[in-house]
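> Contents of run-v7.txt (compact mmCIF, C-alpha atoms) are given next:
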# COMPACT_ATOMS: atom_id res chain seq x y z
CA MET A 26 139.91 104.61 108.50
CA ALA A 27 143.01 105.65 106.65
CA ALA A 28 144.41 109.01 107.66
CA PRO A 29 143.62 111.87 105.29
CA THR A 30 146.18 111.90 102.54
CA SER A 31 146.99 113.98 99.53
CA GLN A 32 148.11 110.86 97.65
CA PRO A 33 145.83 109.70 94.85
CA SER A 34 143.65 106.84 96.03
CA ALA A 35 143.89 103.30 94.70
CA ASP A 36 141.50 100.41 94.18
CA PHE A 37 141.47 98.23 97.30
CA GLY A 38 140.19 95.32 95.22
CA GLY A 39 139.15 92.65 97.69
CA PRO A 40 136.44 90.02 97.38
CA LYS A 41 133.57 90.16 94.89
CA ILE A 42 131.24 92.05 97.25
CA THR A 43 129.36 93.79 94.42
CA GLU A 44 128.76 90.59 92.47
CA LEU A 45 127.61 88.65 95.52
CA GLY A 46 125.42 91.57 96.61
CA MET A 47 123.77 91.65 93.18
CA LEU A 48 123.25 87.89 93.37
CA SER A 49 121.58 88.24 96.77
CA ILE A 50 119.32 91.04 95.46
CA GLY A 51 118.50 88.76 92.52
CA PHE A 52 117.31 86.03 94.90
CA VAL A 53 115.26 88.63 96.80
CA ALA A 54 113.67 89.84 93.56
CA ALA A 55 112.89 86.28 92.44
CA GLY A 56 111.26 85.50 95.79
CA VAL A 57 109.14 88.66 95.80
CA ILE A 58 108.06 88.08 92.17
CA ASP A 59 107.11 84.49 93.00
CA LEU A 60 104.97 85.65 95.93
CA ALA A 61 103.44 88.58 94.01
CA ALA A 62 102.63 86.45 90.95
CA TYR A 63 100.10 84.52 93.03
CA PHE A 64 98.41 87.51 94.75
CA PRO A 65 95.76 87.54 96.16
CA ASN A 66 96.20 83.77 96.56
CA ARG A 67 99.03 82.24 98.51
CA ALA A 68 102.07 81.07 96.54
CA PRO A 69 103.57 77.62 97.21
CA LEU A 70 106.02 78.50 99.97
CA GLY A 71 108.75 75.91 99.23
CA PRO A 72 110.46 77.80 96.37
CA VAL A 73 110.00 81.14 98.16
CA VAL A 74 111.65 79.88 101.35
CA ALA A 75 114.48 78.37 99.27
CA LEU A 76 115.05 81.73 97.55
CA LEU A 77 114.96 83.48 100.93
CA ALA A 78 117.57 81.08 102.30
CA LEU A 79 119.78 81.61 99.23
CA ALA A 80 119.48 85.40 99.53
CA ALA A 81 120.28 85.35 103.26
CA GLY A 82 123.12 82.84 102.81
CA THR A 83 124.72 84.89 100.03
CA LEU A 84 124.46 88.04 102.16
CA ALA A 85 126.01 86.22 105.15
CA VAL A 86 128.93 84.99 103.02
CA ASN A 87 129.37 88.49 101.64
CA LEU A 88 129.47 90.06 105.10
CA LEU A 89 131.92 87.41 106.29
CA LEU A 90 134.24 88.02 103.33
CA LEU A 91 134.13 91.77 103.93
CA VAL A 92 134.74 91.58 107.68
CA ARG A 93 137.87 89.50 107.06
CA GLN A 94 139.52 92.18 104.90
CA PRO A 95 142.43 93.84 106.70
CA GLY A 96 143.11 97.49 105.88
CA PHE A 97 139.62 98.18 104.58
CA ALA A 98 138.37 101.79 104.97
CA TRP A 99 135.72 100.92 107.55
CA ALA A 100 134.92 104.50 108.63
CA ARG A 101 134.04 105.50 105.07
CA PHE A 102 132.11 102.26 104.61
CA ARG A 103 130.05 102.93 107.75
CA GLN A 104 129.37 106.52 106.68
CA VAL A 105 127.98 105.52 103.26
CA PHE A 106 126.26 102.38 104.57
CA GLY A 107 124.50 104.37 107.33
CA TRP A 108 123.06 107.05 105.07
CA MET A 109 122.03 104.62 102.35
CA ALA A 110 120.43 102.37 104.96
CA ILE A 111 118.24 105.31 105.99
CA VAL A 112 117.25 105.99 102.35
CA TYR A 113 116.47 102.36 101.57
CA GLY A 114 114.82 101.92 104.97
CA VAL A 115 112.30 104.60 103.89
CA ILE A 116 111.75 102.85 100.53
CA ALA A 117 111.35 99.45 102.22
CA GLY A 118 109.00 101.06 104.74
CA MET A 119 106.85 102.36 101.88
CA LEU A 120 106.63 98.88 100.35
CA GLU A 121 105.89 97.29 103.75
CA TYR A 122 103.16 99.87 104.30
CA THR A 123 101.63 98.85 100.95
CA PHE A 124 101.67 95.17 101.89
CA ILE A 125 100.05 95.82 105.29
CA TYR A 126 97.52 98.20 103.80
CA ASP A 127 96.53 95.44 101.35
CA HIS A 128 95.84 93.08 104.26
CA THR A 129 98.85 90.88 103.60
CA ARG A 130 99.15 88.86 106.80
CA GLY A 131 100.79 85.86 108.41
CA THR A 132 103.54 83.88 106.71
CA VAL A 133 103.41 85.85 103.45
CA LEU A 134 103.86 89.16 105.30
CA GLY A 135 106.69 87.62 107.34
CA LEU A 136 108.46 86.43 104.19
CA MET A 137 107.96 89.78 102.43
CA THR A 138 109.35 91.59 105.48
CA VAL A 139 112.48 89.42 105.61
CA PHE A 140 112.98 89.93 101.86
CA LEU A 141 112.73 93.70 102.40
CA VAL A 142 115.23 93.56 105.27
CA LEU A 143 117.71 91.65 103.08
CA PHE A 144 117.19 94.20 100.29
CA THR A 145 117.72 97.07 102.75
CA ILE A 146 121.05 95.59 103.90
CA ASN A 147 122.34 94.56 100.46
CA VAL A 148 121.99 97.91 98.70
CA PRO A 149 123.90 100.01 101.29
CA LEU A 150 126.47 97.20 101.53
CA ILE A 151 127.27 97.48 97.81
CA ASP A 152 127.27 101.29 97.95
CA GLY A 153 129.49 101.42 101.04
CA PHE A 154 131.94 98.89 99.60
CA THR A 155 132.17 100.61 96.21
CA VAL A 156 133.04 103.95 97.84
CA ALA A 157 135.35 102.53 100.53
CA ARG A 158 137.34 100.31 98.15
CA PHE A 159 138.72 103.45 96.49
CA GLU A 160 139.44 105.22 99.78
CA ASN A 161 142.85 103.85 100.66
CA PRO A 162 146.15 105.20 99.39
CA PRO A 163 148.14 102.74 97.27
CA ALA A 164 150.04 100.17 99.28
CA SER A 165 153.73 101.11 99.49
CA MET H 22 146.49 121.13 78.68
CA SER H 23 148.78 118.17 79.28
CA VAL H 24 147.77 114.53 79.40
CA ALA H 25 148.46 112.47 82.50
CA GLU H 26 149.42 108.81 82.82
CA HIS H 27 145.90 107.43 82.39
CA GLY H 28 145.12 109.48 79.32
CA MET H 29 143.35 112.06 81.48
CA PRO H 30 144.17 115.71 80.73
CA MET H 31 145.64 117.70 83.59
CA ASN H 32 145.22 121.40 84.26
CA ALA H 33 147.57 124.04 82.89
CA GLN H 34 149.90 123.71 85.88
CA GLY H 35 150.22 119.94 85.37
CA GLY H 36 148.24 119.17 88.53
CA PRO H 37 145.07 117.12 88.83
CA PRO H 38 141.91 118.41 87.11
CA ARG H 39 140.16 121.28 88.94
CA VAL H 40 136.94 120.16 90.63
CA PRO H 41 134.25 122.76 91.39
CA ALA H 42 132.74 122.80 94.90
CA PHE H 43 129.63 120.63 95.17
CA ASP H 44 127.45 118.78 97.70
CA ILE H 45 127.19 114.98 97.34
CA VAL H 46 123.52 115.17 98.41
CA PRO H 47 121.67 118.35 97.31
CA VAL H 48 119.96 119.15 100.61
CA LYS H 49 117.61 121.69 98.99
CA GLY H 50 115.94 118.87 97.06
CA ILE H 51 115.08 116.76 100.11
CA PRO H 52 111.85 118.68 100.98
CA ILE H 53 110.61 118.08 97.42
CA VAL H 54 111.27 114.36 97.84
CA GLY H 55 109.44 114.51 101.19
CA VAL H 56 106.37 116.09 99.58
CA ILE H 57 106.34 113.40 96.86
CA VAL H 58 106.63 110.57 99.43
CA VAL H 59 103.77 112.04 101.51
CA GLY H 60 101.67 112.34 98.35
CA LEU H 61 102.45 108.74 97.47
CA ILE H 62 101.42 107.52 100.92
CA ALA H 63 98.17 109.51 100.61
CA ALA H 64 97.52 108.01 97.15
CA ILE H 65 97.97 104.47 98.46
CA ALA H 66 95.81 105.19 101.50
CA ALA H 67 93.07 106.67 99.29
CA ASN H 68 93.33 103.59 97.05
CA LYS H 69 91.64 105.42 94.18
CA MET H 70 92.37 104.92 90.49
CA TRP H 71 93.35 108.47 89.56
CA PRO H 72 96.01 109.26 92.21
CA LEU H 73 97.57 105.81 91.85
CA THR H 74 97.57 106.07 88.05
CA PHE H 75 99.03 109.58 88.34
CA PHE H 76 101.96 108.47 90.48
CA HIS H 77 102.56 105.34 88.41
CA VAL H 78 102.39 107.01 85.00
CA VAL H 79 104.31 110.16 85.99
CA GLY H 80 106.96 108.23 87.92
CA GLY H 81 107.28 105.48 85.32
CA GLY H 82 107.31 107.89 82.38
CA LEU H 83 110.04 110.01 83.94
CA TRP H 84 112.04 106.94 85.05
CA THR H 85 111.91 105.52 81.52
CA GLY H 86 112.72 108.86 79.93
CA VAL H 87 115.64 109.60 82.23
CA ASP H 88 117.10 106.09 81.76
CA LEU H 89 116.84 106.28 77.97
CA PHE H 90 118.24 109.81 77.92
CA MET H 91 121.15 108.94 80.22
CA GLY H 92 121.95 105.66 78.47
CA PHE H 93 121.66 106.65 74.84
CA VAL H 94 121.95 110.46 74.63
CA LEU H 95 123.91 111.92 77.53
CA GLY H 96 126.14 108.85 78.06
CA PRO H 97 127.77 108.89 74.61
CA ILE H 98 128.05 112.70 74.74
CA MET H 99 129.73 112.52 78.15
CA GLY H 100 132.23 109.98 76.86
CA ARG H 101 133.40 112.47 74.22
CA LEU H 102 133.62 115.52 76.49
CA SER H 103 136.94 116.89 77.67
CA ILE H 104 137.83 115.85 81.23
CA PRO H 105 137.21 119.33 82.76
CA ALA H 106 133.82 119.50 81.01
CA ARG H 107 132.99 115.96 82.14
CA ILE H 108 133.92 116.80 85.74
CA GLU H 109 131.86 120.00 85.57
CA LEU H 110 128.82 118.08 84.27
CA THR H 111 129.32 115.21 86.73
CA THR H 112 129.49 117.45 89.80
CA ARG H 113 126.27 119.21 88.76
CA LEU H 114 124.28 116.25 87.43
CA MET H 115 125.16 113.28 89.64
CA PRO H 116 124.13 114.73 93.04
CA LYS H 117 120.69 115.49 91.59
CA MET H 118 120.44 111.97 90.18
CA LEU H 119 121.06 110.66 93.68
CA LEU H 120 117.72 112.17 94.76
CA ILE H 121 115.74 111.92 91.52
CA MET H 122 116.17 108.23 90.66
CA PRO H 123 115.26 106.58 94.00
CA THR H 124 112.25 108.92 94.22
CA LEU H 125 111.02 108.00 90.72
CA VAL H 126 111.58 104.29 91.33
CA THR H 127 109.68 104.38 94.64
CA MET H 128 106.82 106.37 93.08
CA THR H 129 106.51 103.93 90.18
CA LEU H 130 106.84 100.65 92.05
CA ALA H 131 104.76 101.43 95.15
CA SER H 132 101.87 102.96 93.16
CA GLY H 133 102.16 100.29 90.44
CA PHE H 134 101.93 97.46 92.97
CA GLN H 135 98.84 99.05 94.53
CA LEU H 136 97.31 99.76 91.12
CA ALA H 137 97.78 96.13 90.08
CA ARG H 138 96.06 95.02 93.29
CA LEU H 139 93.19 97.45 92.69
CA ASN H 140 92.79 96.42 89.03
CA GLY H 141 93.02 92.72 89.80
CA MET H 142 96.04 92.42 87.50
CA PHE H 143 97.85 90.09 89.93
CA ALA H 144 95.02 87.57 89.80
CA GLY H 145 95.79 84.42 87.85
CA GLY H 146 92.58 84.83 85.86
CA TYR H 147 93.59 88.23 84.47
CA SER H 148 94.00 87.96 80.69
CA HIS H 149 97.44 89.65 80.68
CA HIS H 150 98.72 88.02 83.88
CA THR H 151 101.82 86.67 82.12
CA TRP H 152 102.71 90.18 80.94
CA VAL H 153 102.40 91.46 84.52
CA VAL H 154 104.84 88.80 85.72
CA VAL H 155 107.21 89.54 82.80
CA SER H 156 107.10 93.24 83.70
CA MET H 157 108.15 92.37 87.25
CA VAL H 158 111.08 90.34 85.90
CA VAL H 159 112.16 93.26 83.68
CA VAL H 160 111.93 95.64 86.65
CA ALA H 161 114.00 93.19 88.72
CA VAL H 162 116.77 93.12 86.08
CA MET H 163 116.76 96.92 85.94
CA ALA H 164 116.80 97.20 89.72
CA ILE H 165 119.71 94.76 90.10
CA THR H 166 121.72 96.64 87.45
CA ALA H 167 120.87 100.06 88.87
CA LEU H 168 121.40 99.16 92.53
CA GLY H 169 124.47 96.99 92.00
CA LEU H 170 126.36 99.00 89.37
CA LEU H 171 124.84 102.33 88.45
CA GLN H 172 124.11 103.90 91.83
CA PRO H 173 127.31 102.77 93.59
CA ALA H 174 129.38 104.11 90.67
CA ASN H 175 127.51 107.40 90.90
CA ILE H 176 128.20 107.77 94.63
CA ALA H 177 131.83 106.59 94.37
CA VAL H 178 132.58 109.14 91.61
CA LEU H 179 131.25 111.95 93.81
CA PHE H 180 133.36 110.81 96.77
CA GLU H 181 136.42 110.52 94.52
CA LEU H 182 135.89 114.04 93.19
CA LYS H 183 135.71 115.34 96.78
CA LYS H 184 139.26 114.15 97.50
CA PRO H 185 142.19 116.60 97.49
CA GLN H 186 143.75 114.65 94.63
CA PRO H 187 141.10 112.71 92.67
CA ASN H 188 142.45 109.73 90.76
CA PRO H 189 141.50 110.15 87.07
CA ALA H 190 141.85 106.41 86.43
CA ILE H 191 139.28 105.58 89.12
CA ILE H 192 136.88 108.26 87.86
CA GLY H 193 137.24 106.96 84.29
CA LYS H 194 136.62 103.36 85.40
CA LEU H 195 133.55 104.29 87.44
CA MET H 196 132.09 106.51 84.73
CA ARG H 197 132.46 103.71 82.17
CA ARG H 198 130.64 101.39 84.55
CA PHE H 199 127.91 104.02 85.03
CA MET H 200 127.41 104.50 81.28
CA TYR H 201 127.31 100.75 80.49
CA ALA H 202 124.82 100.17 83.31
CA ALA H 203 122.72 103.12 82.08
CA ALA H 204 122.69 101.59 78.58
CA VAL H 205 121.51 98.23 80.00
CA THR H 206 118.69 99.84 82.01
CA GLY H 207 117.81 101.99 78.99
CA THR H 208 117.46 98.85 76.85
CA MET H 209 115.30 97.21 79.53
CA GLN H 210 113.15 100.34 79.56
CA VAL H 211 112.32 99.74 75.90
CA ALA H 212 111.01 96.31 76.98
CA THR H 213 109.02 98.05 79.74
CA LEU H 214 107.44 100.40 77.20
CA ILE H 215 106.36 97.43 75.07
CA ILE H 216 104.90 95.57 78.07
CA MET H 217 103.14 98.58 79.57
CA THR H 218 101.52 99.63 76.31
CA ARG H 219 100.47 96.01 75.83
CA LEU H 220 98.88 95.97 79.30
CA ALA H 221 97.09 99.26 78.69
CA SER H 222 95.67 98.08 75.33
Using structure tokens, write down the structure that the file contains.

Amino acid sequence: MAAPTSQPSADFGGPKITELGMLSIGFVAAGVIDLAAYFPNRAPLGPVVALLALAAGTLAVNLLLLVRQPGFAWARFRQVFGWMAIVYGVIAGMLEYTFIYDHTRGTVLGLMTVFLVLFTINVPLIDGFTVARFENPPAS
Amino acid sequence: MSVAEHGMPMNAQGGPPRVPAFDIVPVKGIPIVGVIVVGLIAAIAANKMWPLTFFHVVGGGLWTGVDLFMGFVLGPIMGRLSIPARIELTTRLMPKMLLIMPTLVTMTLASGFQLARLNGMFAGGYSHHTWVVVSMVVVAVMAITALGLLQPANIAVLFELKKPQPNPAIIGKLMRRFMYAAAVTGTMQVATLIIMTRLAS
């Protein structure tokens, strides 16, 4: 983390973490809608698995791009990411509870759970990046 | 009051705008959120029409109202306020929004999902099944906008205002993003109102 400074902060810029994060959440939403649209019957799993793979792949690329950024304010990122992960973990837990309560089982529950995990990582990732990108002092 | 490089007014001494003390997360509100979440869990466990409808209608109504108000009433007003007034409003409003919005969204979506299961609205044979799916798409667009643009801008503004020397250009950029995102979600909420009244008819 950058040392505390009285200089005005600057935009770190960096890769398109927000855009890729939103894309990944979009794939998650599409997958969940596809599954939910068929409740209580089982949706054809091919498109759902494809959307899951796209969401996970986009998240993986996003994480890779972020990890490779030198000079990024990691301490601030971890602080925001950690707290938001707790908040969205509670929200995801609520939704998971609803699925289990409704006797969603087997492959569908597994897919829903992975979608929720991806959602729970993506949201704090965007929040943490947006705060941390403005943390550094301008490069001299 | 002088005007700084980015068109942002400075204080009388020419320094950065004065920022009142504030907490990023209003801790006093957390017990209220806790009570609501416990109530929501109880409503889902009870699986009865009234408590589920209560949480869905109250949460959804407030979510829609707040989005419309922020996007089309408060947003344009905020854009015309002086910088000190905008900072004053931001430091008082935004921390509360950080608790209010996720709570309303969770109330609405969790109870709505359960309600749709209970009513059989997810079933393919339901006469308004297409509208149910469309409503999920609208919610998805709102969620992506809110989670990807609106909420991060909200949090980043609060962190920026906590710094010894907040950068007015960054605050201006983030607030513009917040207001545009609020206008998009507000517009989507109009679509939600149409769909929900259609489903209830």
> Compile the residues of chain H that lie within 9 Å of chain A, evaluated using all atoms listed in the file, and express the compilation as an MDAnalysis selection string.
chainID H and resid 58 61:62 65:66 123:124 127 130:132 134:135 138 141 143:145 150:151 153:154 157:158 161:162 164:166 168:170 172:174 176:178 180:181 184:189 191
> What lies within 10 Å of segment 91-96 of chain H using all atoms listed in the file, ignoring chain neighbours under 3 positions off, as a list in words?
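So the residues in contact are Thr85, Gly86, Val87, Asp88, Met99, Gly100, Arg101, Met196, Arg197, Phe199, Met200, Tyr201, Ala202, Ala203, Ala204, Val205, Thr206, Gly207 and Thr208 of chain H.
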> For the atom pair atom CA of Thr112 of chain H and atom CA of Trp84 of chain H, what is the interatomic distance in Å to one decimal place?
20.9 Å
> So which residues fall inside 12 Å of (112.3, 90.0, 106.3) if we count all atoms listed in the file? Mind giving them as a list in words?
Val53, Gly56, Val57, Val74, Leu77, Ala78, Ala80, Ala81, Ala117, Gly118, Glu121, Thr132, Val133, Leu134, Gly135, Leu136, Met137, Thr138, Val139, Phe140, Leu141, Val142, Leu143, Phe144, Thr145 and Ile146 of chain A
> What does the file look like for those residues with C-alpha atoms, as a PDB file, in the coordinates of the input?

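Saved result, selection.pdb, follows:
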ATOM      1  CA  VAL A  53     115.260  88.630  96.800  1.00  0.00           C
ATOM      2  CA  GLY A  56     111.260  85.500  95.790  1.00  0.00           C
ATOM      3  CA  VAL A  57     109.140  88.660  95.800  1.00  0.00           C
ATOM      4  CA  VAL A  74     111.650  79.880 101.350  1.00  0.00           C
ATOM      5  CA  LEU A  77     114.960  83.480 100.930  1.00  0.00           C
ATOM      6  CA  ALA A  78     117.570  81.080 102.300  1.00  0.00           C
ATOM      7  CA  ALA A  80     119.480  85.400  99.530  1.00  0.00           C
ATOM      8  CA  ALA A  81     120.280  85.350 103.260  1.00  0.00           C
ATOM      9  CA  ALA A 117     111.350  99.450 102.220  1.00  0.00           C
ATOM     10  CA  GLY A 118     109.000 101.060 104.740  1.00  0.00           C
ATOM     11  CA  GLU A 121     105.890  97.290 103.750  1.00  0.00           C
ATOM     12  CA  THR A 132     103.540  83.880 106.710  1.00  0.00           C
ATOM     13  CA  VAL A 133     103.410  85.850 103.450  1.00  0.00           C
ATOM     14  CA  LEU A 134     103.860  89.160 105.300  1.00  0.00           C
ATOM     15  CA  GLY A 135     106.690  87.620 107.340  1.00  0.00           C
ATOM     16  CA  LEU A 136     108.460  86.430 104.190  1.00  0.00           C
ATOM     17  CA  MET A 137     107.960  89.780 102.430  1.00  0.00           C
ATOM     18  CA  THR A 138     109.350  91.590 105.480  1.00  0.00           C
ATOM     19  CA  VAL A 139     112.480  89.420 105.610  1.00  0.00           C
ATOM     20  CA  PHE A 140     112.980  89.930 101.860  1.00  0.00           C
ATOM     21  CA  LEU A 141     112.730  93.700 102.400  1.00  0.00           C
ATOM     22  CA  VAL A 142     115.230  93.560 105.270  1.00  0.00           C
ATOM     23  CA  LEU A 143     117.710  91.650 103.080  1.00  0.00           C
ATOM     24  CA  PHE A 144     117.190  94.200 100.290  1.00  0.00           C
ATOM     25  CA  THR A 145     117.720  97.070 102.750  1.00  0.00           C
ATOM     26  CA  ILE A 146     121.050  95.590 103.900  1.00  0.00           C
TER      27      ILE A 146
END
> Rounded to one decimal in Å, what is the spacing between atom CA of Leu125 of chain H and atom CA of Gly80 of chain H?
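Atom CA of Gly80 of chain H lies at a distance of 4.9 Å from atom CA of Leu125 of chain H.
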> Counting only C-alpha atoms, find the residues whose atoms lie at most 10 Å from (124.7, 114.6, 89.6) (file coordinates) and write them out as a ChimeraX atom specification.
/H:43-47,109-121,175-176,178-179
> Could you jot down the atom CA of His77 of chain H to atom CA of Met128 of chain H separation for me, Å, one decimal place?
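These two atoms are separated by 6.4 Å.
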> Could you tell me which of H:Leu195, H:Val56, H:Ile216, H:Leu136 comes closest to His149 of chain H if we count all atoms listed in the file?
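The closest residue to His149 of chain H is H:Ile216.
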> Of the candidates A:Lys41, A:Arg67, A:His128, A:Arg103, which shows the shortest atom-to-atom distance to Leu90 of chain A, using all atoms listed in the file?
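Counting all atoms listed in the file, the residue closest to Leu90 of chain A is A:Lys41.
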> Calculated over only C-alpha atoms, which of the candidates H:Ile57, H:Val160, H:Val155, H:Leu182 has the smallest distance to Val79 of chain H?
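Closest candidate: H:Ile57.
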> Rank A:Gly107, A:Gly82, A:Pro72, A:Pro95 by their smallest atom-to-atom distance to Pro40 of chain A, using only C-alpha atoms, and report the top residue only.
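Residue with the minimum atom-to-atom distance to Pro40 of chain A: A:Pro95.
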> Some atoms are absent from segment 94-120 of chain H, so rebuild N, CA and C atoms and return them as a PDB file, in the frame of the given file.

ATOM      1  N   VAL H  94     121.685 109.092  75.105  1.00  0.00           N
ATOM      2  CA  VAL H  94     121.950 110.460  74.630  1.00  0.00           C
ATOM      3  C   VAL H  94     123.108 111.079  75.420  1.00  0.00           C
ATOM      4  N   LEU H  95     122.895 111.232  76.726  1.00  0.00           N
ATOM      5  CA  LEU H  95     123.910 111.920  77.530  1.00  0.00           C
ATOM      6  C   LEU H  95     125.176 111.060  77.705  1.00  0.00           C
ATOM      7  N   GLY H  96     124.993 109.745  77.849  1.00  0.00           N
ATOM      8  CA  GLY H  96     126.140 108.850  78.060  1.00  0.00           C
ATOM      9  C   GLY H  96     127.186 108.989  76.968  1.00  0.00           C
ATOM     10  N   PRO H  97     126.789 108.752  75.691  1.00  0.00           N
ATOM     11  CA  PRO H  97     127.770 108.890  74.610  1.00  0.00           C
ATOM     12  C   PRO H  97     128.355 110.301  74.509  1.00  0.00           C
ATOM     13  N   ILE H  98     127.529 111.324  74.790  1.00  0.00           N
ATOM     14  CA  ILE H  98     128.050 112.700  74.740  1.00  0.00           C
ATOM     15  C   ILE H  98     129.124 112.874  75.814  1.00  0.00           C
ATOM     16  N   MET H  99     128.813 112.371  77.020  1.00  0.00           N
ATOM     17  CA  MET H  99     129.730 112.520  78.150  1.00  0.00           C
ATOM     18  C   MET H  99     131.081 111.856  77.859  1.00  0.00           C
ATOM     19  N   GLY H 100     131.007 110.702  77.190  1.00  0.00           N
ATOM     20  CA  GLY H 100     132.230 109.980  76.860  1.00  0.00           C
ATOM     21  C   GLY H 100     133.144 110.764  75.940  1.00  0.00           C
ATOM     22  N   ARG H 101     132.595 111.707  75.184  1.00  0.00           N
ATOM     23  CA  ARG H 101     133.400 112.470  74.220  1.00  0.00           C
ATOM     24  C   ARG H 101     133.797 113.852  74.747  1.00  0.00           C
ATOM     25  N   LEU H 102     133.290 114.203  75.941  1.00  0.00           N
ATOM     26  CA  LEU H 102     133.620 115.520  76.490  1.00  0.00           C
ATOM     27  C   LEU H 102     135.059 115.544  76.991  1.00  0.00           C
ATOM     28  N   SER H 103     135.627 116.749  77.052  1.00  0.00           N
ATOM     29  CA  SER H 103     136.940 116.890  77.670  1.00  0.00           C
ATOM     30  C   SER H 103     136.801 116.597  79.164  1.00  0.00           C
ATOM     31  N   ILE H 104     137.911 116.238  79.818  1.00  0.00           N
ATOM     32  CA  ILE H 104     137.830 115.850  81.230  1.00  0.00           C
ATOM     33  C   ILE H 104     137.292 117.004  82.102  1.00  0.00           C
ATOM     34  N   PRO H 105     137.779 118.252  81.928  1.00  0.00           N
ATOM     35  CA  PRO H 105     137.210 119.330  82.760  1.00  0.00           C
ATOM     36  C   PRO H 105     135.707 119.483  82.548  1.00  0.00           C
ATOM     37  N   ALA H 106     135.259 119.364  81.292  1.00  0.00           N
ATOM     38  CA  ALA H 106     133.820 119.500  81.010  1.00  0.00           C
ATOM     39  C   ALA H 106     133.047 118.333  81.634  1.00  0.00           C
ATOM     40  N   ARG H 107     133.651 117.145  81.577  1.00  0.00           N
ATOM     41  CA  ARG H 107     132.990 115.960  82.140  1.00  0.00           C
ATOM     42  C   ARG H 107     132.875 116.096  83.666  1.00  0.00           C
ATOM     43  N   ILE H 108     133.938 116.611  84.280  1.00  0.00           N
ATOM     44  CA  ILE H 108     133.920 116.800  85.740  1.00  0.00           C
ATOM     45  C   ILE H 108     132.862 117.841  86.110  1.00  0.00           C
ATOM     46  N   GLU H 109     132.833 118.926  85.329  1.00  0.00           N
ATOM     47  CA  GLU H 109     131.860 120.000  85.570  1.00  0.00           C
ATOM     48  C   GLU H 109     130.429 119.438  85.497  1.00  0.00           C
ATOM     49  N   LEU H 110     130.163 118.658  84.445  1.00  0.00           N
ATOM     50  CA  LEU H 110     128.820 118.080  84.270  1.00  0.00           C
ATOM     51  C   LEU H 110     128.520 117.071  85.391  1.00  0.00           C
ATOM     52  N   THR H 111     129.509 116.241  85.700  1.00  0.00           N
ATOM     53  CA  THR H 111     129.320 115.210  86.730  1.00  0.00           C
ATOM     54  C   THR H 111     128.969 115.825  88.080  1.00  0.00           C
ATOM     55  N   THR H 112     129.708 116.859  88.473  1.00  0.00           N
ATOM     56  CA  THR H 112     129.490 117.450  89.800  1.00  0.00           C
ATOM     57  C   THR H 112     128.141 118.176  89.888  1.00  0.00           C
ATOM     58  N   ARG H 113     127.583 118.550  88.741  1.00  0.00           N
ATOM     59  CA  ARG H 113     126.270 119.210  88.760  1.00  0.00           C
ATOM     60  C   ARG H 113     125.119 118.219  88.578  1.00  0.00           C
ATOM     61  N   LEU H 114     125.352 117.185  87.773  1.00  0.00           N
ATOM     62  CA  LEU H 114     124.280 116.250  87.430  1.00  0.00           C
ATOM     63  C   LEU H 114     124.121 115.122  88.468  1.00  0.00           C
ATOM     64  N   MET H 115     125.234 114.501  88.834  1.00  0.00           N
ATOM     65  CA  MET H 115     125.160 113.280  89.640  1.00  0.00           C
ATOM     66  C   MET H 115     124.520 113.469  91.023  1.00  0.00           C
ATOM     67  N   PRO H 116     124.816 114.559  91.750  1.00  0.00           N
ATOM     68  CA  PRO H 116     124.130 114.730  93.040  1.00  0.00           C
ATOM     69  C   PRO H 116     122.605 114.784  92.880  1.00  0.00           C
ATOM     70  N   LYS H 117     122.144 115.413  91.807  1.00  0.00           N
ATOM     71  CA  LYS H 117     120.690 115.490  91.590  1.00  0.00           C
ATOM     72  C   LYS H 117     120.124 114.107  91.276  1.00  0.00           C
ATOM     73  N   MET H 118     120.893 113.335  90.512  1.00  0.00           N
ATOM     74  CA  MET H 118     120.440 111.970  90.180  1.00  0.00           C
ATOM     75  C   MET H 118     120.279 111.107  91.425  1.00  0.00           C
ATOM     76  N   LEU H 119     121.099 111.413  92.425  1.00  0.00           N
ATOM     77  CA  LEU H 119     121.060 110.660  93.680  1.00  0.00           C
ATOM     78  C   LEU H 119     119.719 110.832  94.395  1.00  0.00           C
ATOM     79  N   LEU H 120     119.057 111.960  94.175  1.00  0.00           N
ATOM     80  CA  LEU H 120     117.720 112.170  94.760  1.00  0.00           C
ATOM     81  C   LEU H 120     116.618 111.767  93.780  1.00  0.00           C
TER      82      LEU H 120
END
